[in-house]
Structures are given as C-alpha cells and as structure tokens.
file data.cif (mmCIF, C-alpha atoms and all ligand atoms; chains and numbers go by the auth columns)
data_model
loop_
_atom_site.group_PDB
_atom_site.id
_atom_site.type_symbol
_atom_site.label_atom_id
_atom_site.label_comp_id
_atom_site.label_asym_id
_atom_site.label_seq_id
_atom_site.Cartn_x
_atom_site.Cartn_y
_atom_site.Cartn_z
_atom_site.B_iso_or_equiv
_atom_site.auth_seq_id
_atom_site.auth_asym_id
ATOM 1 C CA MET A 1 0.000 0.000 0.000 0.00 1 W
ATOM 2 C CA SER A 2 1.571 3.281 -0.957 0.00 2 W
ATOM 3 C CA LEU A 3 -0.742 6.212 -0.444 0.00 3 W
ATOM 4 C CA SER A 4 0.441 9.775 -0.316 0.00 4 W
ATOM 5 C CA GLN A 5 0.856 11.383 3.072 0.00 5 W
ATOM 6 C CA SER A 6 -2.041 13.774 2.471 0.00 6 W
ATOM 7 C CA VAL A 7 -4.370 10.908 1.553 0.00 7 W
ATOM 8 C CA GLU A 8 -3.356 9.028 4.698 0.00 8 W
ATOM 9 C CA ASN A 9 -4.049 12.108 6.773 0.00 9 W
ATOM 10 C CA ILE A 10 -7.510 12.496 5.242 0.00 10 W
ATOM 11 C CA LEU A 11 -8.322 8.850 5.961 0.00 11 W
ATOM 12 C CA LYS A 12 -7.211 9.276 9.563 0.00 12 W
ATOM 13 C CA ALA A 13 -9.266 12.451 9.969 0.00 13 W
ATOM 14 C CA ILE A 14 -12.408 10.815 8.542 0.00 14 W
ATOM 15 C CA TYR A 15 -11.909 7.837 10.850 0.00 15 W
ATOM 16 C CA ASP A 16 -11.598 10.155 13.843 0.00 16 W
ATOM 17 C CA LEU A 17 -14.703 12.118 12.999 0.00 17 W
ATOM 18 C CA GLN A 18 -17.043 9.412 11.722 0.00 18 W
ATOM 19 C CA LEU A 19 -17.554 7.822 15.176 0.00 19 W
ATOM 20 C CA GLY A 20 -18.641 4.447 13.924 0.00 20 W
ATOM 21 C CA ASP A 21 -20.189 5.013 10.530 0.00 21 W
ATOM 22 C CA GLN A 22 -21.614 8.531 10.480 0.00 22 W
ATOM 23 C CA TRP A 23 -21.079 10.758 7.457 0.00 23 W
ATOM 24 C CA VAL A 24 -18.441 13.436 7.986 0.00 24 W
ATOM 25 C CA SER A 25 -19.090 16.815 6.394 0.00 25 W
ATOM 26 C CA THR A 26 -16.303 18.187 4.239 0.00 26 W
ATOM 27 C CA SER A 27 -16.332 21.405 6.284 0.00 27 W
ATOM 28 C CA ALA A 28 -15.664 19.434 9.491 0.00 28 W
ATOM 29 C CA LEU A 29 -12.875 17.647 7.668 0.00 29 W
ATOM 30 C CA ALA A 30 -11.431 20.888 6.347 0.00 30 W
ATOM 31 C CA ASP A 31 -11.480 22.238 9.908 0.00 31 W
ATOM 32 C CA ARG A 32 -9.677 19.219 11.254 0.00 32 W
ATOM 33 C CA LEU A 33 -7.054 19.269 8.522 0.00 33 W
ATOM 34 C CA GLY A 34 -6.620 23.042 8.535 0.00 34 W
ATOM 35 C CA GLN A 35 -7.351 23.234 4.809 0.00 35 W
ATOM 36 C CA LYS A 36 -9.848 25.022 2.591 0.00 36 W
ATOM 37 C CA PRO A 37 -13.244 23.241 2.279 0.00 37 W
ATOM 38 C CA ALA A 38 -13.157 23.462 -1.515 0.00 38 W
ATOM 39 C CA SER A 39 -9.833 21.667 -1.802 0.00 39 W
ATOM 40 C CA VAL A 40 -10.873 19.000 0.690 0.00 40 W
ATOM 41 C CA THR A 41 -14.134 18.378 -1.224 0.00 41 W
ATOM 42 C CA ASN A 42 -12.113 18.149 -4.388 0.00 42 W
ATOM 43 C CA MET A 43 -9.729 15.604 -2.944 0.00 43 W
ATOM 44 C CA ILE A 44 -12.537 13.520 -1.399 0.00 44 W
ATOM 45 C CA GLN A 45 -14.372 13.390 -4.727 0.00 45 W
ATOM 46 C CA ARG A 46 -11.223 12.230 -6.428 0.00 46 W
ATOM 47 C CA LEU A 47 -10.635 9.559 -3.780 0.00 47 W
ATOM 48 C CA ALA A 48 -14.233 8.351 -3.977 0.00 48 W
ATOM 49 C CA ARG A 49 -14.051 7.990 -7.768 0.00 49 W
ATOM 50 C CA ALA A 50 -10.782 6.070 -7.713 0.00 50 W
ATOM 51 C CA LYS A 51 -10.657 2.371 -8.483 0.00 51 W
ATOM 52 C CA ALA A 52 -10.671 0.295 -5.273 0.00 52 W
ATOM 53 C CA SER A 53 -11.798 3.413 -3.435 0.00 53 W
ATOM 54 C CA LEU A 54 -11.503 3.602 0.347 0.00 54 W
ATOM 55 C CA VAL A 55 -14.000 6.438 0.776 0.00 55 W
ATOM 56 C CA ASP A 56 -17.695 6.910 -0.003 0.00 56 W
ATOM 57 C CA TYR A 57 -18.844 10.402 -0.814 0.00 57 W
ATOM 58 C CA THR A 58 -22.380 11.773 -1.070 0.00 58 W
ATOM 59 C CA PRO A 59 -22.973 15.444 -1.844 0.00 59 W
ATOM 60 C CA TYR A 60 -24.481 17.346 1.123 0.00 60 W
ATOM 61 C CA ARG A 61 -23.759 14.451 3.506 0.00 61 W
ATOM 62 C CA GLY A 62 -20.034 14.156 3.168 0.00 62 W
ATOM 63 C CA ALA A 63 -17.523 11.343 3.384 0.00 63 W
ATOM 64 C CA ARG A 64 -17.347 8.000 5.086 0.00 64 W
ATOM 65 C CA LEU A 65 -14.732 5.250 5.033 0.00 65 W
ATOM 66 C CA ASN A 66 -15.773 1.897 3.614 0.00 66 W
ATOM 67 C CA PRO A 67 -14.589 -1.231 5.483 0.00 67 W
ATOM 68 C CA THR A 68 -11.297 -1.315 3.558 0.00 68 W
ATOM 69 C CA GLY A 69 -10.798 2.369 4.319 0.00 69 W
ATOM 70 C CA VAL A 70 -11.320 1.693 8.021 0.00 70 W
ATOM 71 C CA LYS A 71 -8.643 -1.039 7.878 0.00 71 W
ATOM 72 C CA VAL A 72 -6.185 1.320 6.244 0.00 72 W
ATOM 73 C CA ALA A 73 -6.916 4.099 8.745 0.00 73 W
ATOM 74 C CA LEU A 74 -6.409 1.697 11.650 0.00 74 W
ATOM 75 C CA GLU A 75 -3.100 0.614 10.161 0.00 75 W
ATOM 76 C CA ILE A 76 -1.878 4.223 10.102 0.00 76 W
ATOM 77 C CA ILE A 77 -3.137 4.746 13.659 0.00 77 W
ATOM 78 C CA ARG A 78 -1.310 1.569 14.694 0.00 78 W
ATOM 79 C CA HIS A 79 1.909 2.984 13.267 0.00 79 W
ATOM 80 C CA HIS A 80 1.310 6.310 15.000 0.00 80 W
ATOM 81 C CA ARG A 81 0.674 4.880 18.434 0.00 81 W
ATOM 82 C CA LEU A 82 3.423 2.258 18.290 0.00 82 W
ATOM 83 C CA ILE A 83 5.914 4.940 17.266 0.00 83 W
ATOM 84 C CA GLU A 84 4.769 7.178 20.117 0.00 84 W
ATOM 85 C CA LEU A 85 5.241 4.404 22.639 0.00 85 W
ATOM 86 C CA TYR A 86 8.579 3.359 21.190 0.00 86 W
ATOM 87 C CA LEU A 87 9.888 6.911 21.297 0.00 87 W
ATOM 88 C CA ALA A 88 8.648 7.476 24.840 0.00 88 W
ATOM 89 C CA GLN A 89 9.580 4.148 26.341 0.00 89 W
ATOM 90 C CA THR A 90 12.711 3.148 24.474 0.00 90 W
ATOM 91 C CA LEU A 91 14.245 6.480 23.523 0.00 91 W
ATOM 92 C CA GLY A 92 12.989 8.548 26.458 0.00 92 W
ATOM 93 C CA VAL A 93 11.335 11.220 24.306 0.00 93 W
ATOM 94 C CA PRO A 94 9.019 13.300 26.581 0.00 94 W
ATOM 95 C CA TRP A 95 5.342 12.465 26.144 0.00 95 W
ATOM 96 C CA ASP A 96 4.495 15.952 24.882 0.00 96 W
ATOM 97 C CA ARG A 97 6.909 15.565 21.963 0.00 97 W
ATOM 98 C CA VAL A 98 6.123 12.086 20.635 0.00 98 W
ATOM 99 C CA HIS A 99 2.931 13.039 18.775 0.00 99 W
ATOM 100 C CA ASP A 100 4.588 15.466 16.366 0.00 100 W
ATOM 101 C CA GLU A 101 7.353 12.974 15.629 0.00 101 W
ATOM 102 C CA ALA A 102 4.811 10.205 15.054 0.00 102 W
ATOM 103 C CA GLU A 103 2.765 12.408 12.708 0.00 103 W
ATOM 104 C CA ARG A 104 5.733 12.340 10.352 0.00 104 W
ATOM 105 C CA LEU A 105 7.069 8.817 10.896 0.00 105 W
ATOM 106 C CA GLU A 106 3.697 7.024 10.716 0.00 106 W
ATOM 107 C CA HIS A 107 3.701 7.439 6.933 0.00 107 W
ATOM 108 C CA VAL A 108 7.116 6.000 6.251 0.00 108 W
ATOM 109 C CA ILE A 109 7.887 3.021 8.492 0.00 109 W
ATOM 110 C CA SER A 110 7.848 -0.425 6.878 0.00 110 W
ATOM 111 C CA GLU A 111 5.750 -3.362 8.035 0.00 111 W
ATOM 112 C CA ASP A 112 8.947 -5.021 9.173 0.00 112 W
ATOM 113 C CA LEU A 113 9.870 -2.073 11.399 0.00 113 W
ATOM 114 C CA GLU A 114 6.323 -1.948 12.747 0.00 114 W
ATOM 115 C CA ASP A 115 6.546 -5.630 13.709 0.00 115 W
ATOM 116 C CA ARG A 116 9.948 -5.173 15.322 0.00 116 W
ATOM 117 C CA MET A 117 8.757 -2.202 17.382 0.00 117 W
ATOM 118 C CA ALA A 118 5.682 -4.127 18.500 0.00 118 W
ATOM 119 C CA ALA A 119 7.859 -7.092 19.494 0.00 119 W
ATOM 120 C CA ALA A 120 10.369 -4.887 21.328 0.00 120 W
ATOM 121 C CA LEU A 121 7.463 -3.416 23.308 0.00 121 W
ATOM 122 C CA ALA A 122 5.928 -6.870 23.987 0.00 122 W
ATOM 123 C CA ASP A 123 2.853 -6.225 21.832 0.00 123 W
ATOM 124 C CA PRO A 124 1.532 -3.238 23.758 0.00 124 W
ATOM 125 C CA ARG A 125 -2.166 -2.369 24.069 0.00 125 W
ATOM 126 C CA LEU A 126 -1.916 1.360 24.892 0.00 126 W
ATOM 127 C CA ASP A 127 0.146 4.320 23.700 0.00 127 W
ATOM 128 C CA PRO A 128 1.745 6.826 26.144 0.00 128 W
ATOM 129 C CA HIS A 129 -1.473 8.877 26.212 0.00 129 W
ATOM 130 C CA GLY A 130 -3.616 5.857 27.069 0.00 130 W
ATOM 131 C CA SER A 131 -5.106 5.455 23.581 0.00 131 W
ATOM 132 C CA PRO A 132 -5.626 1.883 22.403 0.00 132 W
ATOM 133 C CA ILE A 133 -3.191 0.605 19.764 0.00 133 W
ATOM 134 C CA PRO A 134 -5.057 -1.216 16.974 0.00 134 W
ATOM 135 C CA THR A 135 -3.958 -4.819 16.528 0.00 135 W
ATOM 136 C CA LYS A 136 -2.109 -5.994 13.442 0.00 136 W
ATOM 137 C CA ASP A 137 -5.351 -7.449 12.072 0.00 137 W
ATOM 138 C CA GLY A 138 -7.248 -4.191 12.480 0.00 138 W
ATOM 139 C CA GLN A 139 -9.128 -4.547 15.768 0.00 139 W
ATOM 140 C CA ILE A 140 -9.243 -1.657 18.208 0.00 140 W
ATOM 141 C CA ALA A 141 -10.356 -1.691 21.837 0.00 141 W
ATOM 142 C CA ALA A 142 -12.977 0.767 23.040 0.00 142 W
ATOM 143 C CA VAL A 143 -11.717 3.664 25.135 0.00 143 W
ATOM 144 C CA VAL A 144 -13.032 3.442 28.667 0.00 144 W
ATOM 145 C CA GLY A 145 -14.149 6.282 30.900 0.00 145 W
ATOM 146 C CA VAL A 146 -15.828 9.670 30.714 0.00 146 W
ATOM 147 C CA PRO A 147 -14.416 13.179 30.262 0.00 147 W
ATOM 148 C CA LEU A 148 -13.189 14.505 33.614 0.00 148 W
ATOM 149 C CA SER A 149 -15.601 17.419 33.195 0.00 149 W
ATOM 150 C CA GLU A 150 -18.411 14.873 33.761 0.00 150 W
ATOM 151 C CA ALA A 151 -16.943 13.026 36.744 0.00 151 W
ATOM 152 C CA PRO A 152 -19.114 13.206 39.861 0.00 152 W
ATOM 153 C CA MET A 153 -18.030 15.172 42.942 0.00 153 W
ATOM 154 C CA ARG A 154 -16.179 13.143 45.623 0.00 154 W
ATOM 155 C CA ALA A 155 -15.507 10.372 43.102 0.00 155 W
ATOM 156 C CA THR A 156 -12.165 8.611 42.991 0.00 156 W
ATOM 157 C CA VAL A 157 -11.104 8.341 39.381 0.00 157 W
ATOM 158 C CA ARG A 158 -8.264 6.878 37.341 0.00 158 W
ATOM 159 C CA VAL A 159 -6.901 8.642 34.257 0.00 159 W
ATOM 160 C CA THR A 160 -7.438 6.409 31.226 0.00 160 W
ATOM 161 C CA GLU A 161 -6.607 8.674 28.274 0.00 161 W
ATOM 162 C CA VAL A 162 -5.365 12.160 27.525 0.00 162 W
ATOM 163 C CA ARG A 163 -5.660 13.860 24.161 0.00 163 W
ATOM 164 C CA ASP A 164 -2.319 13.630 22.439 0.00 164 W
ATOM 165 C CA GLU A 165 -2.165 16.628 20.079 0.00 165 W
ATOM 166 C CA ASP A 166 -1.901 19.430 22.617 0.00 166 W
ATOM 167 C CA ALA A 167 1.703 19.563 23.815 0.00 167 W
ATOM 168 C CA ASN A 168 0.956 22.363 26.302 0.00 168 W
ATOM 169 C CA LEU A 169 -1.763 20.300 27.951 0.00 169 W
ATOM 170 C CA LEU A 170 0.572 17.295 28.158 0.00 170 W
ATOM 171 C CA ARG A 171 3.341 19.354 29.765 0.00 171 W
ATOM 172 C CA TYR A 172 0.812 20.836 32.203 0.00 172 W
ATOM 173 C CA LEU A 173 -0.453 17.410 33.239 0.00 173 W
ATOM 174 C CA GLY A 174 2.988 15.811 33.214 0.00 174 W
ATOM 175 C CA ALA A 175 4.293 18.467 35.619 0.00 175 W
ATOM 176 C CA MET A 176 1.630 17.310 38.106 0.00 176 W
ATOM 177 C CA GLY A 177 2.277 13.621 37.453 0.00 177 W
ATOM 178 C CA LEU A 178 -1.146 13.114 35.902 0.00 178 W
ATOM 179 C CA TYR A 179 -0.339 10.344 33.429 0.00 179 W
ATOM 180 C CA PRO A 180 -2.682 7.524 32.447 0.00 180 W
ATOM 181 C CA GLY A 181 -3.064 5.291 35.477 0.00 181 W
ATOM 182 C CA ALA A 182 -2.900 8.171 37.990 0.00 182 W
ATOM 183 C CA GLU A 183 -5.671 7.970 40.582 0.00 183 W
ATOM 184 C CA PHE A 184 -7.162 10.936 42.415 0.00 184 W
ATOM 185 C CA THR A 185 -10.297 12.162 44.148 0.00 185 W
ATOM 186 C CA VAL A 186 -12.465 15.007 42.892 0.00 186 W
ATOM 187 C CA THR A 187 -12.840 17.287 45.908 0.00 187 W
ATOM 188 C CA GLY A 188 -14.523 20.433 44.621 0.00 188 W
ATOM 189 C CA ARG A 189 -15.196 22.809 41.820 0.00 189 W
ATOM 190 C CA GLU A 190 -15.143 26.579 41.545 0.00 190 W
ATOM 191 C CA PRO A 191 -18.545 27.911 40.476 0.00 191 W
ATOM 192 C CA PHE A 192 -19.182 29.461 37.050 0.00 192 W
ATOM 193 C CA GLY A 193 -17.057 27.011 35.100 0.00 193 W
ATOM 194 C CA GLY A 194 -13.955 27.433 37.263 0.00 194 W
ATOM 195 C CA SER A 195 -11.176 25.001 38.038 0.00 195 W
ATOM 196 C CA LEU A 196 -11.592 21.520 39.455 0.00 196 W
ATOM 197 C CA HIS A 197 -10.061 20.714 42.819 0.00 197 W
ATOM 198 C CA ILE A 198 -8.531 17.291 43.188 0.00 198 W
ATOM 199 C CA ARG A 199 -6.593 15.376 45.834 0.00 199 W
ATOM 200 C CA PHE A 200 -3.702 13.482 44.281 0.00 200 W
ATOM 201 C CA ASN A 201 -0.740 11.900 46.092 0.00 201 W
ATOM 202 C CA ASP A 202 -1.570 13.751 49.324 0.00 202 W
ATOM 203 C CA GLN A 203 -1.622 17.082 47.531 0.00 203 W
ATOM 204 C CA ASP A 204 -4.486 19.455 46.747 0.00 204 W
ATOM 205 C CA LEU A 205 -4.299 20.504 43.116 0.00 205 W
ATOM 206 C CA HIS A 206 -6.418 22.741 40.891 0.00 206 W
ATOM 207 C CA LEU A 207 -7.032 21.717 37.306 0.00 207 W
ATOM 208 C CA GLY A 208 -7.846 24.379 34.717 0.00 208 W
ATOM 209 C CA GLU A 209 -11.360 24.103 33.336 0.00 209 W
ATOM 210 C CA GLU A 210 -10.254 23.959 29.699 0.00 210 W
ATOM 211 C CA ALA A 211 -8.171 20.852 30.374 0.00 211 W
ATOM 212 C CA LEU A 212 -11.058 18.816 31.769 0.00 212 W
ATOM 213 C CA PRO A 213 -12.805 17.691 28.556 0.00 213 W
ATOM 214 C CA HIS A 214 -9.491 16.367 27.213 0.00 214 W
ATOM 215 C CA ILE A 215 -8.811 14.047 30.136 0.00 215 W
ATOM 216 C CA ARG A 216 -10.722 10.799 30.202 0.00 216 W
ATOM 217 C CA VAL A 217 -11.179 9.017 33.517 0.00 217 W
ATOM 218 C CA ALA A 218 -12.722 5.805 34.786 0.00 218 W
ATOM 219 C CA VAL A 219 -14.762 6.294 37.934 0.00 219 W
ATOM 220 C CA GLN A 220 -13.600 3.777 40.553 0.00 220 W
ATOM 221 C CA THR A 221 -16.234 1.919 42.499 0.00 221 W
HETATM 222 ZN ZN ZN B . -0.393 11.096 18.633 0.00 1 S
#
call {"tool": "encode", "arguments": {"input": "data.cif", "output": "structure tokens", "more": "lines below"}}
Ligand SMILES: [Zn+2]
result
Amino acid sequence: MSLSQSVENILKAIYDLQLGDQWVSTSALADRLGQKPASVTNMIQRLARAKASLVDYTPYRGARLNPTGVKVALEIIRHHRLIELYLAQTLGVPWDRVHDEAERLEHVISEDLEDRMAAALADPRLDPHGSPIPTKDGQIAAVVGVPLSEAPMRATVRVTEVRDEDANLLRYLGAMGLYPGAEFTVTGREPFGGSLHIRFNDQDLHLGEEALPHIRVAVQT
C-alpha cells in the first residue's frame, strides 16, 4: 500500500470524525485538517471515484470510510501509536513531543519495522497517552471512561486517556504527574465554570477548566 501522506491524513481524519459510521461533512474535515473546504471536497471526490476506493462520498452528507478504508486508517493509527510508545519508552522522548514525531514517521515506516517495534514493546495495548493501539489485524479496543468534566463530585477516578495533540496540555499534566493510570479524588469545583479541585498523592491541586474535557477518567467503584 503506498498512499500519499495527504491521503493518509484524510483517511485518519475521517476515521476520527465518523464515530462508527456517520457521514463526515467536508467542512468538518477541512477544519480538522486546517485546509480550505473546496480543496478538501475536491480531494474527497477524487478519492471516492478512484478504483478500489476507500471512501464513499455523497454530496451534502459528506464522506465515510468503507470497510477497507477503516482497515487502512487503523493501520496508520497503529503505526502512530506504536511509534509514540517506542519513542517514549525506548528512547525517552518526553510524552508531549512524541505526537509530532509520530505524525511524520507514521507514513514511512515499513511493516517489518512496525513488527519489530511491536515485538520490542511486547505487543503493547496502549500508547503513552492511554489510547488503544489497533492490533495488526485491524481490531481496536474501546476507550473506557468519561471526560473529567463529567466526573461526579467526591468520586475517585483513574486517568485512562489524555488527548495527544496538545503539547501544552501534556506538559501541564505531566508536571503534576497526571499520566494515564494516575488515581485521584475530585474534591470540589469553583462555580461558574472554574477550576476543578482534586486530591492526588496527598496534595491538593487545581485543574484548569479547559483541560477537563481532554482528560478521560474511569470512575472507581
Ligand atoms: Zn499522537
């Protein structure tokens, strides 16, 4: 399979936005990719018309990956997340820097290198941000938990996943030790959309409101 980098990025973006099998509007796609809607529509139409197409396109509804397209997207995501974990775990690259590196490398590593990285990491299930790594045969585990903004007061929660694209957010959370697996108790919240108070490792911390939707937690029972 040799697709261009921009095609692979479109497939990944559609996969991200289609949440199962919903149609993704070309304007939402353009937003995600930081490109002009007209050029994205153009590219999608071209992809949909191609022989052995990976994408379905319907005017006014948008784009959707067909089952082969989903497989290809999951393969790119597998590369991305394996590379992130390899960089973080084996090379010691800080977790706020692995995403940008993986964005580039995901398009170029061979299947052989992918297999060797997976073996070196003992066939890992999660990347450094807690996101599931698709299996070689294209299965992906569901992400568990709810956004921290929805966690109930007094609940003890465990961080399951943090959004990987925002390096500032990752540095902010890393400085407090809030990596996937960290467990803390929600102790209070400032009114009017203010910060969340938590108790973590015998410390009282305040978490900025804008960070909350990007942190996924499992509520412990
Ligand atoms: Zn990433």
call {"tool": "residues_near_ligand", "arguments": {"input": "data.cif", "ligand": "ligand ZN 1 (chain S)", "cutoff": "9 Å", "atoms": "all atoms listed in the file", "output": "VMD selection string"}}
result
chain W and resid 77 80 to 81 83 to 84 98 to 103 127 to 129 131 163 to 165
call {"tool": "residues_around", "arguments": {"input": "data.cif", "residues": "Asn66 of chain W", "least_positions_apart": "3", "cutoff": "6 Å", "atoms": "all atoms listed in the file", "output": "MDAnalysis selection string"}}
result
chainID W and resid 54:55 69
call {"tool": "residues_around", "arguments": {"input": "data.cif", "residues": "Glu8 of chain W", "least_positions_apart": "3", "cutoff": "8 Å", "atoms": "only C-alpha atoms", "output": "ChimeraX atom specification"}}
result
/W:3-5,11-12,73,76,107
call {"tool": "atom_distance", "arguments": {"input": "data.cif", "atom1": "atom CA of Ala119 of chain W", "atom2": "atom CA of Thr135 of chain W"}}
result
12.4 Å
call {"tool": "resolve_selection", "arguments": {"input": "data.cif", "expression": "the PyMOL selection byres (((chain W and resi 194-211) around 10) and not hetatm)", "output": "ChimeraX atom specification"}}
result
/W:147-149,153-156,162-163,169-170,172-173,176-178,182-193,212-215
call {"tool": "atom_distance", "arguments": {"input": "data.cif", "atom1": "atom CA of Val146 of chain W", "atom2": "atom CA of Thr26 of chain W"}}
result
27.8 Å
call {"tool": "closest_residue", "arguments": {"input": "data.cif", "among": "W:Gly181, W:Thr160, W:Lys136, W:Ala48", "to": "Asp112 of chain W", "atoms": "all atoms listed in the file"}}
result
W:Lys136
call {"tool": "axis_aligned_box", "arguments": {"input": "data.cif", "around": "segment 139-145 of chain W", "padding_each_side": "8 Å", "output": "JSON"}}
result
{"center_x": -11.6, "center_y": 0.9, "center_z": 23.3, "size_x": 21.0, "size_y": 26.8, "size_z": 31.1}
call {"tool": "closest_residue", "arguments": {"input": "data.cif", "among": "W:Val24, W:Ala141, W:Tyr86, W:Leu105", "to": "Ala118 of chain W", "atoms": "all atoms listed in the file"}}
result
W:Tyr86
call {"tool": "residues_around", "arguments": {"input": "data.cif", "residues": "segment 41-45 of chain W", "least_positions_apart": "4", "cutoff": "7 Å", "atoms": "all atoms listed in the file", "output": "MDAnalysis selection string"}}
result
chainID W and resid 26 37 49 57
call {"tool": "atom_distance", "arguments": {"input": "data.cif", "atom1": "atom CA of Arg46 of chain W", "atom2": "atom CA of Glu114 of chain W"}}
result
29.6 Å
call {"tool": "closest_residue", "arguments": {"input": "data.cif", "among": "W:Asp166, W:Ala52, W:Gly145, W:Glu150", "to": "Val219 of chain W", "atoms": "only C-alpha atoms"}}
result
W:Gly145
call {"tool": "build_atoms", "arguments": {"input": "data.cif", "residues": "segment 86-107 of chain W", "atoms": "N, CA, C and O atoms", "output": "compact mmCIF listing (two decimals), keeping the file's coordinate frame"}}
result
# COMPACT_ATOMS: atom_id res chain seq x y z
N TYR W 86 7.16 3.71 21.36
CA TYR W 86 8.58 3.36 21.19
C TYR W 86 9.47 4.55 21.53
O TYR W 86 10.46 4.43 22.25
N LEU W 87 9.10 5.71 21.02
CA LEU W 87 9.89 6.91 21.30
C LEU W 87 9.91 7.23 22.79
O LEU W 87 10.95 7.55 23.35
N ALA W 88 8.74 7.12 23.42
CA ALA W 88 8.65 7.48 24.84
C ALA W 88 9.37 6.46 25.70
O ALA W 88 10.18 6.81 26.56
N GLN W 89 9.10 5.19 25.43
CA GLN W 89 9.58 4.15 26.34
C GLN W 89 11.03 3.77 26.07
O GLN W 89 11.81 3.59 26.99
N THR W 90 11.38 3.66 24.81
CA THR W 90 12.71 3.15 24.47
C THR W 90 13.73 4.27 24.32
O THR W 90 14.87 4.14 24.72
N LEU W 91 13.29 5.39 23.76
CA LEU W 91 14.24 6.48 23.52
C LEU W 91 14.11 7.61 24.54
O LEU W 91 14.87 8.56 24.51
N GLY W 92 13.13 7.53 25.43
CA GLY W 92 12.99 8.55 26.46
C GLY W 92 12.53 9.90 25.96
O GLY W 92 12.77 10.93 26.60
N VAL W 93 11.87 9.95 24.81
CA VAL W 93 11.34 11.22 24.31
C VAL W 93 10.16 11.62 25.21
O VAL W 93 9.29 10.80 25.48
N PRO W 94 10.12 12.88 25.70
CA PRO W 94 9.02 13.30 26.58
C PRO W 94 7.65 13.12 25.92
O PRO W 94 7.54 13.29 24.70
N TRP W 95 6.65 12.84 26.71
CA TRP W 95 5.34 12.46 26.14
C TRP W 95 4.67 13.61 25.41
O TRP W 95 3.77 13.37 24.61
N ASP W 96 5.09 14.84 25.62
CA ASP W 96 4.50 15.95 24.88
C ASP W 96 5.16 16.15 23.52
O ASP W 96 4.74 16.97 22.73
N ARG W 97 6.23 15.38 23.24
CA ARG W 97 6.91 15.56 21.96
C ARG W 97 6.73 14.38 21.00
O ARG W 97 7.08 14.48 19.82
N VAL W 98 6.18 13.28 21.49
CA VAL W 98 6.12 12.09 20.64
C VAL W 98 5.07 12.21 19.53
O VAL W 98 5.23 11.64 18.45
N HIS W 99 4.00 12.97 19.78
CA HIS W 99 2.93 13.04 18.77
C HIS W 99 3.42 13.66 17.46
O HIS W 99 3.18 13.12 16.38
N ASP W 100 4.11 14.80 17.58
CA ASP W 100 4.59 15.47 16.37
C ASP W 100 5.56 14.59 15.58
O ASP W 100 5.53 14.56 14.35
N GLU W 101 6.43 13.89 16.31
CA GLU W 101 7.35 12.97 15.63
C GLU W 101 6.57 11.87 14.93
O GLU W 101 6.84 11.53 13.77
N ALA W 102 5.57 11.32 15.62
CA ALA W 102 4.81 10.20 15.05
C ALA W 102 3.98 10.65 13.85
O ALA W 102 3.77 9.87 12.92
N GLU W 103 3.52 11.90 13.85
CA GLU W 103 2.76 12.41 12.71
C GLU W 103 3.57 12.28 11.42
O GLU W 103 3.03 12.06 10.35
N ARG W 104 4.89 12.47 11.54
CA ARG W 104 5.73 12.34 10.35
C ARG W 104 6.09 10.88 10.07
O ARG W 104 5.95 10.40 8.95
N LEU W 105 6.53 10.17 11.11
CA LEU W 105 7.07 8.82 10.90
C LEU W 105 6.00 7.79 10.53
O LEU W 105 6.29 6.80 9.87
N GLU W 106 4.77 8.02 10.95
CA GLU W 106 3.70 7.02 10.72
C GLU W 106 3.54 6.71 9.23
O GLU W 106 3.08 5.63 8.88
N HIS W 107 3.89 7.63 8.37
CA HIS W 107 3.70 7.44 6.93
C HIS W 107 4.83 6.66 6.26
O HIS W 107 4.70 6.26 5.13
